[in-house]
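Novice: I am sharing final_25.txt, which consists of compact mmCIF, C-alpha atoms:
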# COMPACT_ATOMS: atom_id res chain seq x y z
CA MET A 1 21.19 -14.04 1.08
CA THR A 2 20.98 -16.38 4.08
CA PRO A 3 19.59 -14.64 7.14
CA HIS A 4 21.48 -15.20 10.33
CA VAL A 5 20.21 -15.11 13.87
CA ALA A 6 22.53 -13.81 16.57
CA ALA A 7 22.86 -15.71 19.82
CA PRO A 8 19.74 -15.23 21.94
CA ASP A 9 20.00 -12.37 24.45
CA PRO A 10 16.72 -12.18 26.38
CA GLN A 11 18.17 -9.65 28.82
CA ALA A 12 18.92 -7.20 26.02
CA GLY A 13 15.46 -7.77 24.58
CA ALA A 14 13.88 -7.04 27.95
CA ALA A 15 15.81 -3.77 28.14
CA VAL A 16 14.67 -2.73 24.67
CA LYS A 17 11.07 -3.59 25.55
CA ALA A 18 11.24 -1.68 28.84
CA ALA A 19 12.56 1.46 27.16
CA ASP A 20 9.89 1.20 24.49
CA ARG A 21 7.09 0.86 27.01
CA ALA A 22 8.46 3.75 29.05
CA HIS A 23 8.91 6.25 26.25
CA VAL A 24 7.60 5.26 22.78
CA PHE A 25 4.05 6.28 21.87
CA HIS A 26 2.87 3.88 19.16
CA SER A 27 0.58 4.71 16.26
CA TRP A 28 -2.95 3.31 15.90
CA SER A 29 -2.75 1.73 19.37
CA ALA A 30 -4.20 1.85 22.85
CA GLN A 31 -0.88 2.27 24.57
CA GLY A 32 -1.69 0.15 27.61
CA LEU A 33 -2.95 -2.80 25.58
CA ILE A 34 -0.01 -3.47 23.28
CA ASP A 35 3.03 -5.71 23.65
CA PRO A 36 5.42 -4.87 20.80
CA LEU A 37 7.97 -7.47 19.81
CA ALA A 38 11.57 -6.40 20.44
CA VAL A 39 13.39 -6.92 17.13
CA ALA A 40 17.06 -7.85 17.24
CA GLY A 41 17.76 -7.84 13.52
CA ALA A 42 16.53 -8.46 9.99
CA GLU A 43 17.90 -9.62 6.66
CA GLY A 44 16.22 -10.41 3.37
CA SER A 45 12.71 -11.72 3.95
CA TYR A 46 13.26 -12.52 7.64
CA PHE A 47 13.58 -10.81 11.01
CA TRP A 48 14.25 -12.19 14.48
CA ASP A 49 13.82 -11.34 18.13
CA TYR A 50 16.18 -11.42 21.11
CA ASP A 51 14.99 -14.89 22.08
CA GLY A 52 16.27 -16.31 18.80
CA ASN A 53 12.87 -16.71 17.14
CA ARG A 54 13.02 -16.07 13.40
CA TYR A 55 10.01 -14.98 11.34
CA LEU A 56 9.33 -14.96 7.61
CA ASP A 57 7.90 -11.49 7.07
CA PHE A 58 4.73 -11.75 4.99
CA THR A 59 4.03 -8.05 5.67
CA SER A 60 7.15 -6.45 4.13
CA GLY A 61 7.23 -4.16 7.14
CA LEU A 62 4.14 -2.14 6.27
CA VAL A 63 4.22 -3.36 2.67
CA TYR A 64 7.32 -1.35 1.85
CA THR A 65 10.46 -3.49 2.12
CA ASN A 66 10.12 -4.42 -1.54
CA ILE A 67 13.73 -5.61 -1.78
CA GLY A 68 13.80 -7.06 1.73
CA TYR A 69 15.78 -5.96 4.75
CA GLN A 70 19.40 -4.79 4.74
CA HIS A 71 20.14 -5.14 1.03
CA PRO A 72 23.90 -4.55 1.00
CA LYS A 73 23.92 -2.34 -2.10
CA VAL A 74 21.33 0.04 -0.69
CA VAL A 75 22.96 0.12 2.73
CA ALA A 76 26.29 0.92 1.03
CA ALA A 77 24.67 3.70 -1.03
CA ILE A 78 23.28 5.34 2.11
CA GLN A 79 26.66 5.08 3.83
CA GLU A 80 28.45 6.54 0.81
CA GLN A 81 25.99 9.43 0.52
CA ALA A 82 26.31 10.18 4.25
CA GLY A 83 30.05 10.54 3.78
CA LYS A 84 29.62 12.74 0.70
CA LEU A 85 26.67 15.01 1.52
CA ALA A 86 24.42 13.87 4.33
CA THR A 87 21.79 16.58 3.90
CA PHE A 88 21.04 19.72 1.94
CA ALA A 89 18.10 22.11 1.62
CA PRO A 90 15.47 21.33 -1.04
CA ALA A 91 15.82 24.61 -2.95
CA PHE A 92 19.15 23.52 -4.43
CA ALA A 93 19.99 21.16 -7.30
CA VAL A 94 21.69 18.12 -5.79
CA ASP A 95 23.01 15.33 -7.99
CA VAL A 96 21.43 12.40 -6.16
CA ARG A 97 18.08 14.20 -5.91
CA SER A 98 18.08 14.89 -9.63
CA GLU A 99 19.04 11.30 -10.41
CA ALA A 100 16.31 9.87 -8.21
CA ALA A 101 13.74 12.09 -9.92
CA ARG A 102 15.01 11.07 -13.36
CA LEU A 103 14.86 7.35 -12.58
CA ILE A 104 11.33 7.62 -11.18
CA ALA A 105 10.10 9.72 -14.11
CA GLU A 106 11.52 7.18 -16.56
CA ARG A 107 9.23 4.54 -15.05
CA THR A 108 6.01 6.44 -14.46
CA PRO A 109 3.38 6.15 -17.21
CA GLY A 110 2.70 8.86 -19.77
CA ASP A 111 4.08 12.35 -19.19
CA LEU A 112 4.33 12.17 -15.41
CA ASP A 113 7.83 13.59 -15.68
CA LYS A 114 8.07 16.13 -12.85
CA ILE A 115 8.64 14.80 -9.33
CA PHE A 116 7.75 16.63 -6.12
CA PHE A 117 9.44 14.85 -3.22
CA THR A 118 7.84 14.37 0.19
CA ASN A 119 8.76 12.40 3.29
CA GLY A 120 6.07 9.75 2.83
CA GLY A 121 2.78 8.74 1.28
CA ALA A 122 0.39 10.87 3.32
CA GLU A 123 2.31 14.05 2.49
CA ALA A 124 2.31 12.99 -1.16
CA VAL A 125 -1.50 12.73 -1.08
CA GLU A 126 -1.80 16.08 0.70
CA ASN A 127 0.25 17.80 -1.98
CA ALA A 128 -1.40 16.01 -4.90
CA VAL A 129 -4.80 17.22 -3.69
CA ARG A 130 -3.47 20.75 -3.19
CA MET A 131 -2.08 20.75 -6.73
CA ALA A 132 -5.40 19.54 -8.14
CA ARG A 133 -7.38 22.19 -6.29
CA LEU A 134 -5.08 24.98 -7.36
CA HIS A 135 -4.97 23.73 -10.95
CA THR A 136 -8.76 23.50 -11.30
CA GLY A 137 -9.88 26.25 -8.92
CA ARG A 138 -12.33 23.74 -7.43
CA THR A 139 -12.50 22.29 -3.93
CA LYS A 140 -14.20 18.89 -3.72
CA VAL A 141 -12.30 15.64 -3.95
CA LEU A 142 -13.98 12.26 -4.44
CA SER A 143 -12.48 9.14 -2.90
CA ALA A 144 -13.63 5.58 -2.38
CA TYR A 145 -14.88 3.73 0.63
CA ARG A 146 -12.55 0.80 1.38
CA SER A 147 -9.46 2.93 0.91
CA TYR A 148 -6.54 4.30 2.88
CA HIS A 149 -4.64 7.42 1.85
CA GLY A 150 -2.71 8.39 5.00
CA ALA A 151 -3.08 9.92 8.44
CA THR A 152 -2.46 13.63 7.84
CA SER A 153 -5.37 16.07 7.76
CA THR A 154 -6.61 15.80 4.17
CA ALA A 155 -5.39 12.24 3.66
CA ILE A 156 -7.27 10.87 6.65
CA ASN A 157 -10.48 12.54 5.47
CA LEU A 158 -9.98 10.98 2.04
CA THR A 159 -9.51 7.57 3.66
CA GLY A 160 -12.56 5.35 3.48
CA ASP A 161 -11.88 2.88 6.27
CA PRO A 162 -12.68 3.31 10.00
CA ARG A 163 -9.35 4.93 10.81
CA ARG A 164 -10.95 8.06 9.37
CA TRP A 165 -13.80 8.22 11.85
CA PRO A 166 -12.13 9.87 14.89
CA SER A 167 -10.60 12.61 12.70
CA ASP A 168 -13.38 13.09 10.12
CA THR A 169 -14.41 16.75 10.19
CA ALA A 170 -17.08 16.36 7.48
CA SER A 171 -15.88 19.73 6.24
CA ALA A 172 -12.73 18.81 4.30
CA GLY A 173 -14.37 18.93 0.88
CA VAL A 174 -14.32 15.13 0.59
CA VAL A 175 -17.12 13.03 -0.90
CA HIS A 176 -16.92 9.24 -0.71
CA PHE A 177 -18.29 6.79 -3.27
CA TRP A 178 -18.33 3.02 -3.82
CA ALA A 179 -15.57 1.60 -5.97
CA PRO A 180 -16.05 -1.85 -7.57
CA PHE A 181 -15.65 -4.97 -5.42
CA LEU A 182 -17.50 -7.91 -6.93
CA TYR A 183 -17.19 -10.24 -3.92
CA ARG A 184 -19.15 -7.75 -1.78
CA SER A 185 -20.77 -5.77 -4.56
CA PRO A 186 -22.81 -2.75 -3.46
CA PHE A 187 -24.41 -2.87 -6.94
CA TYR A 188 -25.76 -6.46 -6.82
CA SER A 189 -23.54 -7.37 -9.75
CA THR A 190 -22.90 -10.95 -10.80
CA THR A 191 -20.01 -10.40 -13.24
CA GLU A 192 -16.97 -8.17 -13.40
CA ALA A 193 -18.41 -6.43 -16.47
CA GLU A 194 -21.59 -5.57 -14.56
CA GLU A 195 -19.63 -4.41 -11.54
CA SER A 196 -17.43 -2.13 -13.65
CA ALA A 197 -20.34 -0.59 -15.55
CA ARG A 198 -22.48 -0.07 -12.46
CA ALA A 199 -19.62 1.37 -10.43
CA LEU A 200 -18.85 3.84 -13.21
CA GLN A 201 -22.50 4.85 -13.43
CA HIS A 202 -22.60 5.33 -9.66
CA LEU A 203 -19.49 7.51 -9.82
CA GLU A 204 -20.89 9.66 -12.61
CA ASP A 205 -24.20 9.98 -10.77
CA THR A 206 -22.32 11.09 -7.66
CA ILE A 207 -20.51 13.75 -9.67
CA ALA A 208 -23.81 14.93 -11.19
CA PHE A 209 -25.42 15.38 -7.78
CA GLU A 210 -22.34 17.03 -6.26
CA GLY A 211 -21.99 19.38 -9.23
CA PRO A 212 -19.24 18.64 -11.77
CA ALA A 213 -17.94 22.20 -11.63
CA THR A 214 -17.21 21.78 -7.90
CA VAL A 215 -15.07 18.62 -8.19
CA ALA A 216 -11.32 19.13 -8.36
CA ALA A 217 -10.14 15.53 -8.29
CA ILE A 218 -10.95 11.87 -8.00
CA ILE A 219 -8.37 9.88 -6.06
CA LEU A 220 -8.15 6.09 -6.14
CA GLU A 221 -5.64 3.55 -4.97
CA THR A 222 -4.86 1.80 -8.25
CA VAL A 223 -5.17 -1.48 -6.36
CA PRO A 224 -6.43 -0.76 -2.82
CA GLY A 225 -3.98 -2.06 -0.25
CA THR A 226 -4.82 -2.20 3.44
CA ALA A 227 -8.53 -2.04 2.62
CA GLY A 228 -8.42 -5.43 0.93
CA ILE A 229 -6.41 -5.66 -2.31
CA MET A 230 -9.45 -5.42 -4.57
CA THR A 231 -8.09 -5.51 -8.11
CA PRO A 232 -10.32 -3.28 -10.26
CA PRO A 233 -12.31 -5.07 -12.97
CA PRO A 234 -11.37 -4.59 -16.62
CA GLY A 235 -12.42 -1.21 -17.97
CA TYR A 236 -13.03 0.48 -14.63
CA LEU A 237 -9.93 2.68 -14.37
CA ALA A 238 -10.15 3.56 -18.06
CA GLY A 239 -13.77 4.54 -17.43
CA VAL A 240 -12.75 6.79 -14.53
CA ARG A 241 -10.17 8.38 -16.81
CA GLU A 242 -12.92 9.12 -19.35
CA ILE A 243 -15.19 10.61 -16.69
CA CYS A 244 -12.39 12.86 -15.44
CA ASP A 245 -11.68 14.05 -18.98
CA LYS A 246 -15.38 14.69 -19.58
CA TYR A 247 -15.75 17.00 -16.58
CA GLY A 248 -12.27 18.51 -16.35
CA ILE A 249 -11.50 16.62 -13.14
CA VAL A 250 -7.94 15.75 -12.11
CA PHE A 251 -7.39 11.99 -11.86
CA ILE A 252 -5.05 11.01 -9.03
CA LEU A 253 -3.79 7.46 -8.61
CA ASP A 254 -2.37 6.54 -5.22
CA GLU A 255 0.46 4.06 -5.80
CA VAL A 256 2.02 4.42 -2.36
CA MET A 257 1.54 0.73 -1.63
CA ALA A 258 0.96 -0.76 -5.09
CA GLY A 259 3.92 0.92 -6.80
CA PHE A 260 7.52 -0.11 -7.44
CA GLY A 261 7.07 -3.74 -8.33
CA ARG A 262 4.46 -4.81 -5.79
CA THR A 263 1.93 -5.93 -8.43
CA GLY A 264 4.51 -7.36 -10.84
CA LYS A 265 4.95 -4.13 -12.81
CA TRP A 266 6.73 -0.92 -11.90
CA PHE A 267 3.35 0.67 -11.25
CA ALA A 268 -0.04 -0.98 -10.95
CA ALA A 269 -1.41 1.50 -13.50
CA ASP A 270 0.65 -0.33 -16.12
CA HIS A 271 -1.68 -3.33 -15.81
CA PHE A 272 -4.64 -1.22 -16.89
CA ASP A 273 -3.14 1.02 -19.60
CA VAL A 274 -4.28 4.14 -17.79
CA VAL A 275 -2.36 7.37 -17.20
CA PRO A 276 -3.45 9.62 -14.31
CA ASP A 277 -2.76 13.33 -14.07
CA LEU A 278 -0.99 12.92 -10.73
CA MET A 279 0.46 9.82 -9.11
CA THR A 280 1.55 9.50 -5.51
CA PHE A 281 4.29 7.12 -4.40
CA ALA A 282 6.38 6.22 -1.33
CA LYS A 283 7.23 2.96 0.46
CA GLY A 284 8.79 0.76 -2.24
CA VAL A 285 10.59 3.66 -3.96
CA ASN A 286 13.54 2.92 -1.68
CA SER A 287 12.22 -0.10 0.23
CA GLY A 288 11.55 2.16 3.20
CA TYR A 289 15.23 2.38 4.15
CA VAL A 290 14.98 6.19 4.55
CA PRO A 291 11.58 7.97 4.52
CA LEU A 292 10.69 9.17 1.01
CA GLY A 293 7.55 9.79 -1.00
CA GLY A 294 6.42 12.03 -3.78
CA VAL A 295 4.02 13.16 -6.45
CA ALA A 296 4.62 12.49 -10.14
CA ILE A 297 3.07 15.39 -12.07
CA ASN A 298 1.97 15.64 -15.69
CA ALA A 299 3.00 18.46 -18.00
CA GLU A 300 -0.30 20.35 -17.87
CA ILE A 301 -0.46 20.58 -14.09
CA ALA A 302 3.27 21.29 -13.80
CA ALA A 303 2.78 24.22 -16.21
CA THR A 304 0.24 25.74 -13.82
CA PHE A 305 3.14 26.56 -11.56
CA ASP A 306 5.60 27.83 -14.18
CA LYS A 307 4.86 31.48 -13.37
CA ARG A 308 2.94 30.94 -10.17
CA ALA A 309 4.63 29.74 -7.01
CA TYR A 310 3.49 26.40 -5.73
CA PRO A 311 2.45 27.07 -2.11
CA GLY A 312 3.86 23.96 -0.49
CA GLY A 313 7.13 22.43 0.57
CA LEU A 314 8.93 20.36 3.17
CA THR A 315 12.22 20.91 4.96
CA TYR A 316 13.44 17.46 3.99
CA SER A 317 11.97 17.27 0.48
CA GLY A 318 14.28 15.13 -1.62
CA HIS A 319 16.60 14.39 1.31
CA PRO A 320 19.95 13.19 -0.08
CA LEU A 321 20.08 10.04 2.03
CA ALA A 322 16.55 9.06 0.99
CA CYS A 323 17.27 9.81 -2.65
CA ALA A 324 20.51 7.81 -2.56
CA ALA A 325 18.51 4.89 -1.21
CA ALA A 326 15.97 5.35 -4.03
CA VAL A 327 18.64 5.41 -6.73
CA ALA A 328 20.26 2.27 -5.34
CA THR A 329 16.92 0.49 -4.86
CA ILE A 330 15.79 1.17 -8.43
CA GLN A 331 19.15 -0.03 -9.73
CA VAL A 332 18.90 -3.20 -7.63
CA MET A 333 15.39 -3.82 -8.92
CA GLU A 334 16.64 -3.51 -12.49
CA ASP A 335 19.81 -5.56 -12.04
CA GLU A 336 18.19 -8.35 -10.05
CA LYS A 337 14.93 -8.37 -12.04
CA VAL A 338 12.89 -7.80 -8.88
CA VAL A 339 9.77 -6.64 -10.72
CA GLU A 340 9.87 -9.71 -12.95
CA ASN A 341 10.33 -11.91 -9.87
CA ALA A 342 7.26 -10.40 -8.21
CA ALA A 343 5.19 -11.15 -11.32
CA ASP A 344 6.53 -14.70 -11.58
CA ILE A 345 6.07 -15.54 -7.89
CA GLY A 346 2.51 -14.26 -8.05
CA GLU A 347 1.67 -16.25 -11.15
CA THR A 348 3.41 -19.50 -10.32
CA VAL A 349 3.54 -19.74 -6.53
CA LEU A 350 1.38 -17.36 -4.50
CA GLY A 351 -1.66 -17.26 -6.74
CA PRO A 352 -1.93 -21.02 -7.28
CA GLY A 353 -0.89 -21.76 -3.71
CA LEU A 354 -3.45 -19.45 -2.12
CA ARG A 355 -6.21 -20.76 -4.36
CA GLU A 356 -5.26 -24.31 -3.37
CA LEU A 357 -5.53 -23.30 0.30
CA ALA A 358 -8.98 -21.88 -0.40
CA GLU A 359 -10.13 -25.22 -1.77
CA ARG A 360 -9.22 -26.98 1.47
CA HIS A 361 -10.10 -24.39 4.10
CA PRO A 362 -13.77 -23.46 4.58
CA SER A 363 -12.73 -20.21 6.27
CA VAL A 364 -11.43 -18.81 2.97
CA GLY A 365 -14.19 -17.07 1.06
CA ASP A 366 -12.19 -15.23 -1.57
CA VAL A 367 -8.64 -15.06 -2.95
CA ARG A 368 -7.53 -12.01 -4.91
CA GLY A 369 -4.36 -10.23 -5.93
CA MET A 370 -1.44 -10.04 -8.33
CA GLY A 371 2.33 -10.05 -8.05
CA VAL A 372 3.22 -10.20 -4.36
CA PHE A 373 0.04 -8.38 -3.38
CA TRP A 374 -2.64 -10.86 -2.24
CA ALA A 375 -5.52 -11.08 0.21
CA LEU A 376 -7.53 -13.93 1.66
CA GLU A 377 -11.03 -12.92 2.73
CA LEU A 378 -12.01 -15.09 5.69
CA VAL A 379 -15.64 -15.95 6.35
CA LYS A 380 -17.81 -17.86 8.79
CA ASN A 381 -19.85 -19.30 5.96
CA ARG A 382 -18.93 -19.43 2.29
CA GLU A 383 -22.54 -19.43 1.15
CA THR A 384 -23.63 -16.35 3.11
CA ARG A 385 -20.16 -14.74 2.91
CA GLU A 386 -20.53 -13.58 6.51
CA PRO A 387 -17.13 -12.22 7.56
CA LEU A 388 -15.18 -14.28 10.08
CA VAL A 389 -15.23 -11.24 12.36
CA PRO A 390 -17.52 -8.18 12.20
CA TYR A 391 -16.49 -5.04 10.35
CA ASN A 392 -13.94 -3.09 12.43
CA ALA A 393 -14.05 -5.74 15.18
CA ALA A 394 -11.92 -5.28 18.27
CA GLY A 395 -11.28 -7.15 21.49
CA GLU A 396 -13.17 -10.42 21.94
CA ALA A 397 -15.10 -9.86 18.69
CA ALA A 398 -11.79 -10.08 16.80
CA ALA A 399 -10.66 -13.26 18.60
CA PRO A 400 -10.80 -15.55 15.52
CA MET A 401 -8.37 -13.35 13.61
CA ALA A 402 -6.17 -13.00 16.69
CA ALA A 403 -6.05 -16.80 16.92
CA LEU A 404 -5.08 -17.01 13.25
CA GLY A 405 -2.28 -14.52 13.81
CA ALA A 406 -0.98 -16.36 16.86
CA ALA A 407 -0.95 -19.65 14.98
CA ALA A 408 0.97 -18.11 12.08
CA LYS A 409 3.60 -16.65 14.39
CA LYS A 410 3.95 -19.98 16.19
CA ASN A 411 4.87 -21.46 12.81
CA GLY A 412 7.45 -18.76 12.05
CA LEU A 413 5.29 -16.54 9.83
CA TRP A 414 4.62 -12.89 10.62
CA PRO A 415 1.19 -12.23 9.05
CA PHE A 416 -0.52 -9.09 7.81
CA ILE A 417 -4.00 -9.10 9.34
CA ASN A 418 -6.70 -6.47 8.88
CA MET A 419 -10.33 -6.97 9.85
CA ASN A 420 -11.42 -10.36 8.41
CA ARG A 421 -8.48 -10.68 6.01
CA THR A 422 -4.94 -11.91 6.01
CA HIS A 423 -2.73 -10.51 3.27
CA ALA A 424 0.21 -12.25 1.62
CA VAL A 425 2.56 -9.38 0.85
CA PRO A 426 6.18 -10.58 1.09
CA ALA A 427 9.15 -8.77 -0.39
CA CYS A 428 9.13 -8.43 -4.17
CA ASN A 429 12.37 -10.41 -4.32
CA VAL A 430 11.01 -13.25 -2.17
CA SER A 431 12.29 -16.62 -3.39
CA GLU A 432 10.12 -19.52 -4.47
CA ALA A 433 11.25 -21.49 -1.43
CA GLU A 434 10.40 -18.63 0.92
CA ALA A 435 6.98 -18.13 -0.65
CA LYS A 436 6.24 -21.85 -0.27
CA GLU A 437 7.43 -21.73 3.34
CA GLY A 438 4.95 -18.91 3.95
CA LEU A 439 2.12 -20.83 2.31
CA ALA A 440 2.83 -23.87 4.50
CA ALA A 441 2.71 -21.77 7.67
CA LEU A 442 -0.47 -20.08 6.47
CA ASP A 443 -1.99 -23.49 5.75
CA ALA A 444 -1.51 -24.49 9.38
CA ALA A 445 -2.87 -21.18 10.65
CA LEU A 446 -5.99 -21.40 8.51
CA SER A 447 -6.85 -24.67 10.24
CA VAL A 448 -7.34 -22.55 13.36
CA ALA A 449 -9.61 -20.14 11.46
CA ASP A 450 -11.62 -23.10 10.18
CA GLU A 451 -12.66 -23.86 13.76
CA TYR A 452 -14.75 -20.67 13.76
CA THR A 453 -16.72 -21.48 10.60
CA ALA A 454 -20.35 -22.55 10.60
Kindly present the structure from the file in structure tokens form.
Specialist:
Amino acid sequence: MTPHVAAPDPQAGAAVKAADRAHVFHSWSAQGLIDPLAVAGAEGSYFWDYDGNRYLDFTSGLVYTNIGYQHPKVVAAIQEQAGKLATFAPAFAVDVRSEAARLIAERTPGDLDKIFFTNGGAEAVENAVRMARLHTGRTKVLSAYRSYHGATSTAINLTGDPRRWPSDTASAGVVHFWAPFLYRSPFYSTTEAEESARALQHLEDTIAFEGPATVAAIILETVPGTAGIMTPPPGYLAGVREICDKYGIVFILDEVMAGFGRTGKWFAADHFDVVPDLMTFAKGVNSGYVPLGGVAINAEIAATFDKRAYPGGLTYSGHPLACAAAVATIQVMEDEKVVENAADIGETVLGPGLRELAERHPSVGDVRGMGVFWALELVKNRETREPLVPYNAAGEAAAPMAALGAAAKKNGLWPFINMNRTHAVPACNVSEAEAKEGLAALDAALSVADEYTA
């Protein structure tokens, strides 16, 4: 697919921008300090503005356009479904809803064969936690620092990054713990084996002091996304599974960002041979074309609600347009070997290319990831590992990362930047040429970051 750019129309862009600034209230933003780009169109791995500037999207939207923008087969499926049955209430059996659930269940690990549909990832987390609490009769849920689980009430309390702080009630039954992260180990580990063992001991100690009989669930992003793409060390997730089994705790894996090909497998859990009791998903399930998320539920927890009503639901659960997009997306991923492409690009292009950049740029302290799910940790000093900008920096304190972002955009790359990291998270069907184009633009941008190193 060759992206096209329509003739520049700055006047139209100005009108779009003016209407946005007059009426749209943007998330996670100080409304008077933002200047959103007016987007004229998108196709494949690219989007463009009304001035004719084209950008290679190394963010996949918000890490969800796993098959890129405007895939014709998915667009056609949505159009066809709109003509057939545009919407219908969730209490009914609808063919496309049933088919979407079947296709998802076929790909989830173990016996996660029942699918509860939501409108997105945060609602999936909310419902997974509710199911765990009702199933166990317990209230506490343990989640990791350096995590993000969504912005709704329970999900934001489960979140471990600073976006939680303004909404943290400290009364939501959430207990945070440290998950493994060798580069910035809270356990003073020197090897992955040490980090895994010490993190597991810390988790079990936390459970002991909280009271095992009070803990309903442990929730983890299989591979944390926005918080830094920290791939868990060997044995860690299997160890969490064992701890959950030992104490009768529900194990929830959040695959909202890592699922549907992002890591080079259908689900990141497949890399670690671990099966959770509940798995949340969204984003890549239909490449974000129509909002959709859900919870994949194992047989034991599903049976809890055989004779007992599940007290939760959503007006648009399993919306036909969203499910049609999911069916088409999964079929595209199969037919075009998108998951295999993500694995190959990660192994042969992104991984080697990012590590090569790290060798030449003193601002790069760490490279980590898999598939099309990578992060560069930027530092002032490689020896001390001092972050390029302080934790949760804003304004002038975040200037080095802002300069990096501006340099990337100047070179036609739209970067994913969070704190002192830039993530390389293109579409799962990104081509080798596109990935190399992104690496070249990132190479130039990192030269700007290098200017801030000691």
Novice: Kindly indicate which residue among A:Gly293, A:Pro387, A:Pro8, A:Pro352 lies nearest to Val364 of chain A, using only C-alpha atoms for the distances.
Specialist: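 Closest residue, counting only C-alpha atoms: A:Pro387.
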Novice: Nearest to Glu210 of chain A among A:Leu142, A:Met279, A:Ala179, A:Val250, with distances taken over all atoms listed in the file: which residue is it?
Specialist: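 When distances to Glu210 of chain A are compared using all atoms listed in the file, the smallest one comes from A:Leu142.
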Novice: For Val125 of chain A, which residue out of A:Arg382, A:His23, A:Lys140, A:His149 is the nearest one, using all atoms listed in the file?
Specialist: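 Under the stated criterion, the closest residue is A:His149.
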Novice: Nearest residue to Thr304 of chain A out of A:Ala170, A:Val94, A:Ala19, A:Met131, using only C-alpha atoms?
Specialist: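 Selected residue with least distance to Thr304 of chain A: A:Met131.
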Novice: Expressed in Å to a single decimal, how great is the separation between atom CA of Phe117 of chain A and atom CA of Ser317 of chain A?
Specialist: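 Going from atom CA of Phe117 of chain A over to atom CA of Ser317 of chain A covers 5.1 Å.
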